[in-house]
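Quick notes on the structure that follows.
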Amino acid sequence: MSTVHFTDYEGNTTSLDANEGDSVMETAVRNGLEGIVAECGGSLSCATCHVFLDEADADKVPPMSEMEDEMLYGTTEDREDNSRLSCQLKLGADTEVHVTTPETQV
Amino acid sequence: MTVSTDQQTVPSYAGAQAPAADQATGLLIIGASQSGVQLAISLRALGFDDHITLLGDEDHRPYQRPALSKEYLQGKVGSESLIFRTNEYWIDHNITLIKNERIDDIQRDQQHPGAGIAYGRSGATYPYRRLALTVGASPRRLEVAGGNLPGVVYLRNADDAIELKALVPEAKDVVVVGGGFIGLEAASSLHELGKNVTVLEHGPKLIGRAVGEQTSQYFLNQHRHRGLDIRLEAQIDEILADDNGDVKAVRLTNGEEVAAQIVLIGIGVVPNTQLADILGLEINNGIVVNAHALASDGNTIVAGDVANMPNPVPGSPTNERIRMESVNNAIEHAKVAAYSLMGRSEEYAGIPWFWSNQADIKLQIAGLSTGFDQTVVRDDTNRGKFSVLYYRDGQIIAADCANAPLDFMAVKQALGKGKNIDPEAAAEVSTMLKTLIA
Ligand SMILES: Cc1cc2nc3c(=O)[nH]c(=O)nc-3n(C[C@H](O)[C@H](O)[C@H](O)COP(=O)(O)OP(=O)(O)OC[C@H]3O[C@@H](n4cnc5c(N)ncnc54)[C@H](O)[C@@H]3O)c2cc1C
Ligand code: FES
């Protein structure tokens with residue numbers, strides 16, 4: 001079982017269990033977590049699943065593709081060095097990651 | 001393979017406890033897909049406190065359709081990834097899910113406007129205080145000899161996708177009828193799975209009226225280059241069976257026979273207006289709604305693919321009506337519907353957007369290009385990027401962007417803010433559109 005810790009822009013943290021192979025986005029959306037919209041359902045088309053990934057966890061998830069990199073320029077809240085699209089953050093077995101969600105996605 | 005229709009169904013329940021049989025639900029949502037799910041979720045976010053029943057005729061937990069022709073068909077994602085919400089979510093939010101139940105009839109309560117009783121195919125009845133129809137659309141059938149042979153399939157829902165996937169291992173040749181989004185997505189997916197794929201489009205161009213000439217041509221070239229056999233202006237005469245009665249080929253009116261062990265039909269959809277008809281609601285290419293997602297009786301909520309609505313694009317011609325088939329519309333329209341149910345009169349306004357993944361091409365469309373009088377093509381072949389910007393009276397109204405998310409994002413942003421992008425400057429591909437928004 002993997003775990004994702006979501007901290008919202010006000011500092012409140014929610015921890016959710018995740019299955020191997022699920023993305024951070026799926027974990028959030030399926031449980032109705034606010035802060036991630038994910039309009040396109042993980043198709044890498046909407047940029048409404050923006051998160052800031054804890055730098056210490058950067059190596060635990062797949063690296064960024066060129067398409068994700070370009071999409072990140074279109075997020076509503078401006079990208080930072082640790083910005084990722086959470087639909088691209090597939091979790092392995094027994095992985096624990098920490099992300100912060102932006103104030104707004106749209 | 002037999003397909004039975006009128007068999008007795010047994011509805012299955014999930015989520016929150018249903019009201020007792022003689023008790024009405026606060027809101028009955030018929031159609032448990034993109035727009036119905038969004039309506040229920042948005043209502044809870046807005047503080048709607050009455051019981052909600054989300055009912056649909058599919059025997060699956062509510063799921064997202066887009067992957068059915070893409071990642072799911074290719075085997076890249078499993079069915080679990082398509083599910084909207086966990087069962088705990090529905091329980092926690094006092095929403096009862098009813099699957100595998102089809103509503104065939106509805107009677108209004110003459111004493112209480114908006115209330116009534118829905119009659120399920122299982123024999124069960126569902127009294128409600130308010131009603132929402134998020135019943136979507138069904139595939140247009142191809143009326144041709146052999147159109148019902150085993151191996152001739154459609155792709156609208158999960159059962160269709162499961163049926164198609166089961167046919168894939170045995171098939172070598174596939175014919176896709178219809179060169180629209182779903183046809184081309186499925187054709188690309190099946191080609192990626194090693195099938196020999198022919199696309200038969202009866203019109204003169206791909207993706208019909210949804211995109212302009214240049215985008216059509218781009219996709220034609222790209223798909224042909226990747227190995228799809230695409231025939232434009234192809235007229236089908238008959239679908240032919242082998243000795244076992246399974247499909248073996250499609251015969252065109254010019255006499256040519258194209259081999260196929262799977263024939264996938266993707267020739268568009270028709271809105272599901274049967275229940276609206278029973279309720280006496282106005283119907284015109286979908287159920288006619290006002291800007292607040294209310295049908296002509298002023299009471300029934302209607303959202304998503306089935307709704308014919310005033311064009312939500314700010315500045316569009318008054319009285320122009322439109323029916324859209326997209327995830328973005330299903331979501332945004334349902335949000336407006338939720339406000340209406342809360343007694344808040346929000347108008348549906350926004351910039352529609354859409355995506356379609358075909359092979360390694362990601363198409364993103366912002367805005368609606370209808371009525372354009374000028375286009376600007378940004379063809380950055382070296383980097384594999386291609387966009388078409390559409391203008392009306394010098395104002396940008398839409399863009400088709402293939403593998404060009406930066407262009408897409410810039411146009412979407414400009415449209416959302418009511419701004420423009422200078423067409424002359426935009427013609428220079430090395431210029432970032434974002435820097436031209438003014
Ligand atoms: C294969 C495929 C790929 C797609 N890809 C994309 C894409 O990439 N991007 C995009 O933006 N859009 C895409 N779409 C379109 C998008 O999925 C639809 O616009 C969206 O699903 C519409 O949602 P809806 O809830 O309005 O209607 P629907 O999804 O059609 O849902 C209506 C539901 O109501 C049920 N129902 C109907 N009548 C009754 C009744 N009498 N009783 C009980 N239940 C009933 C139906 O069975 C269905 O489950 C795709 C669609 C398909 C089929
Ligand atoms: S969910 Fe749309 S880009 Fe991630």
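As shown in the structure tokens, the chain order sets the letters A, B, ...; within each chain, residues go from 1, and ligands are also counted from 1 in the order they appear.
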**Message:** Tell me as a PyMOL selection string which residues belonging to chain B come within 7 Å of chain A, counting only C-alpha atoms.
**Reply:** chain B and resi 84-86+89+355+405-406+409
**Message:** Could you list the protein, DNA and RNA residues that have any atom within 8 Å of ligand 1, counting only C-alpha atoms and all ligand atoms, and write them as a VMD selection string?
**Reply:** (chain A and resid 40) or (chain B and resid 30 to 37 55 to 58 62 64 to 70 100 to 104 120 134 to 138 155 to 157 181 to 182 185 to 186 272 274 to 275 303 to 307 324 to 330 353 to 357)
**Message:** Residues near B:His225, anyone? I mean within 12 Å using only C-alpha atoms, not counting same-chain ones fewer than 5 positions away, as a PyMOL selection string.
**Reply:** chain B and resi 188+218-220+230+359
**Message:** As an exercise, work out the distance from atom CA of B:Ala234 to atom CA of B:Val247 in Å and give it to one decimal place.
**Reply:** 18.7 Å
Which residues come within 9 Å of A:Asp94, counting only C-alpha atoms, excluding same-chain residues fewer than 4 positions away, as a short mmCIF file (atom, residue, chain, number, x, y, z; two decimals) with C-alpha atoms, in the first residue's frame?
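Written file, part.cif:
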```
data_model
loop_
_atom_site.label_atom_id
_atom_site.label_comp_id
_atom_site.auth_asym_id
_atom_site.auth_seq_id
_atom_site.Cartn_x
_atom_site.Cartn_y
_atom_site.Cartn_z
CA MET A 1 0.00 0.00 0.00
CA SER A 2 1.28 3.47 -0.90
CA THR A 3 0.38 6.75 0.74
CA ALA A 18 -3.15 4.45 -2.84
CA ASN A 19 -2.69 1.31 -4.89
CA GLU A 20 0.40 0.50 -6.87
#
```
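Within stretch 72-210 of chain B, DSSP run on the backbone puts these residues in alpha helix (DSSP H): Asn87, Glu88, Tyr89, Trp90, Ile91, Asp92, Ala158, Asp159, Asp160, Ala161, Ile162, Glu163, Leu164, Lys165, Ala166, Leu167, Phe181, Ile182, Gly183, Leu184, Glu185, Ala186, Ala187, Ser188, Ser189, Leu190, His191 and Glu192 of chain B.
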**Message:** Show me, as a count of residues only, the residues that have an atom within 6 Å of A:Val99 when counting only C-alpha atoms, minus same-chain residues fewer than 2 positions from it.
**Reply:** 4
**Request:** Go ahead and compute the interatomic distance for atom CA of B:Arg378 and atom CA of B:Gln358, in Å to one decimal.
**Result:**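 Those two atoms sit 19.6 Å apart.
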**Asked** So which bits of stretch 51-234 of chain B end up strand (DSSP E or B) when you DSSP the backbone, as a PyMOL selection string?
**Response** chain B and resi 52-55+63+83+95-99+103-108+116-120+125-133+137-139+145+152-154+173-177+196-200+229-231
Keeping only C-alpha atoms, take the residues you just selected and write them out as a PDB file, in the first residue's frame.
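Full text of selection-v7.pdb as output:
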```
ATOM      1  CA  ILE B  52     -29.893  12.403  -4.042  1.00  0.00           C
ATOM      2  CA  THR B  53     -30.445   9.295  -6.168  1.00  0.00           C
ATOM      3  CA  LEU B  54     -28.093   8.852  -9.119  1.00  0.00           C
ATOM      4  CA  LEU B  55     -29.590   6.218 -11.392  1.00  0.00           C
ATOM      5  CA  TYR B  63     -16.873   5.875 -15.081  1.00  0.00           C
ATOM      6  CA  ILE B  83     -14.091   5.118 -11.931  1.00  0.00           C
ATOM      7  CA  ILE B  95     -25.969   9.838  -2.594  1.00  0.00           C
ATOM      8  CA  THR B  96     -27.599   6.525  -3.530  1.00  0.00           C
ATOM      9  CA  LEU B  97     -26.316   4.882  -6.698  1.00  0.00           C
ATOM     10  CA  ILE B  98     -28.639   2.663  -8.671  1.00  0.00           C
ATOM     11  CA  LYS B  99     -27.046   0.721 -11.517  1.00  0.00           C
ATOM     12  CA  ILE B 103     -36.345   4.388 -16.718  1.00  0.00           C
ATOM     13  CA  ASP B 104     -39.004   3.806 -19.348  1.00  0.00           C
ATOM     14  CA  ASP B 105     -41.783   6.068 -18.120  1.00  0.00           C
ATOM     15  CA  ILE B 106     -42.334   9.085 -15.899  1.00  0.00           C
ATOM     16  CA  GLN B 107     -45.489  10.564 -14.429  1.00  0.00           C
ATOM     17  CA  ARG B 108     -45.689  14.066 -13.060  1.00  0.00           C
ATOM     18  CA  GLY B 116     -43.254  12.860  -9.938  1.00  0.00           C
ATOM     19  CA  ILE B 117     -42.621   9.144 -10.204  1.00  0.00           C
ATOM     20  CA  ALA B 118     -40.171   7.383 -12.510  1.00  0.00           C
ATOM     21  CA  TYR B 119     -40.898   3.806 -13.579  1.00  0.00           C
ATOM     22  CA  GLY B 120     -37.968   1.426 -13.870  1.00  0.00           C
ATOM     23  CA  THR B 125     -40.802   2.912  -8.976  1.00  0.00           C
ATOM     24  CA  TYR B 126     -38.821   5.976  -7.927  1.00  0.00           C
ATOM     25  CA  PRO B 127     -40.777   8.898  -6.494  1.00  0.00           C
ATOM     26  CA  TYR B 128     -38.888  12.205  -6.533  1.00  0.00           C
ATOM     27  CA  ARG B 129     -39.287  15.848  -5.579  1.00  0.00           C
ATOM     28  CA  ARG B 130     -37.033  17.154  -8.354  1.00  0.00           C
ATOM     29  CA  LEU B 131     -35.823  15.540 -11.562  1.00  0.00           C
ATOM     30  CA  ALA B 132     -32.643  15.874 -13.621  1.00  0.00           C
ATOM     31  CA  LEU B 133     -32.155  14.285 -17.022  1.00  0.00           C
ATOM     32  CA  ALA B 137     -26.646  10.312 -26.358  1.00  0.00           C
ATOM     33  CA  SER B 138     -26.567   6.976 -28.150  1.00  0.00           C
ATOM     34  CA  PRO B 139     -24.593   5.959 -31.222  1.00  0.00           C
ATOM     35  CA  ALA B 145     -27.435  -4.684 -45.111  1.00  0.00           C
ATOM     36  CA  VAL B 152     -20.140  -5.148 -36.193  1.00  0.00           C
ATOM     37  CA  VAL B 153     -19.731  -2.995 -33.087  1.00  0.00           C
ATOM     38  CA  TYR B 154     -20.208   0.528 -31.712  1.00  0.00           C
ATOM     39  CA  ASP B 173      -8.255  -6.588 -40.281  1.00  0.00           C
ATOM     40  CA  VAL B 174     -10.487  -3.838 -38.933  1.00  0.00           C
ATOM     41  CA  VAL B 175     -12.750  -1.447 -40.778  1.00  0.00           C
ATOM     42  CA  VAL B 176     -13.729   1.716 -38.956  1.00  0.00           C
ATOM     43  CA  VAL B 177     -16.766   3.423 -40.412  1.00  0.00           C
ATOM     44  CA  ASN B 196      -4.572  -3.659 -40.342  1.00  0.00           C
ATOM     45  CA  VAL B 197      -7.006  -0.729 -40.181  1.00  0.00           C
ATOM     46  CA  THR B 198      -9.074   0.902 -42.911  1.00  0.00           C
ATOM     47  CA  VAL B 199     -11.145   4.005 -42.177  1.00  0.00           C
ATOM     48  CA  LEU B 200     -14.170   4.615 -44.385  1.00  0.00           C
ATOM     49  CA  ASP B 229      -5.696   3.243 -44.901  1.00  0.00           C
ATOM     50  CA  ILE B 230      -8.148   6.148 -45.103  1.00  0.00           C
ATOM     51  CA  ARG B 231     -10.805   6.315 -47.817  1.00  0.00           C
TER      52      ARG B 231
END
```
**Message:** I'd like the contact shell of A:Cys49 - 6 Å cut-off, only C-alpha atoms, skipping same-chain residues fewer than 5 positions apart - returned as a PyMOL selection string.
**Reply:** chain A and resi 36-38+85-86
**Message:** Restricting the calculation to only C-alpha atoms: of A:His50, A:Glu10, A:Met25, A:Pro102, which residue gets closest to A:Ser83?
**Reply:**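 Ranked by minimum distance to A:Ser83, first place goes to A:His50.
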**Request:** Provide the atom CA of B:Ala158 to atom CA of B:Val258 distance in Å, to one decimal place.
**Result:**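 Pair atom CA of B:Ala158 / atom CA of B:Val258 returns 27.5 Å.
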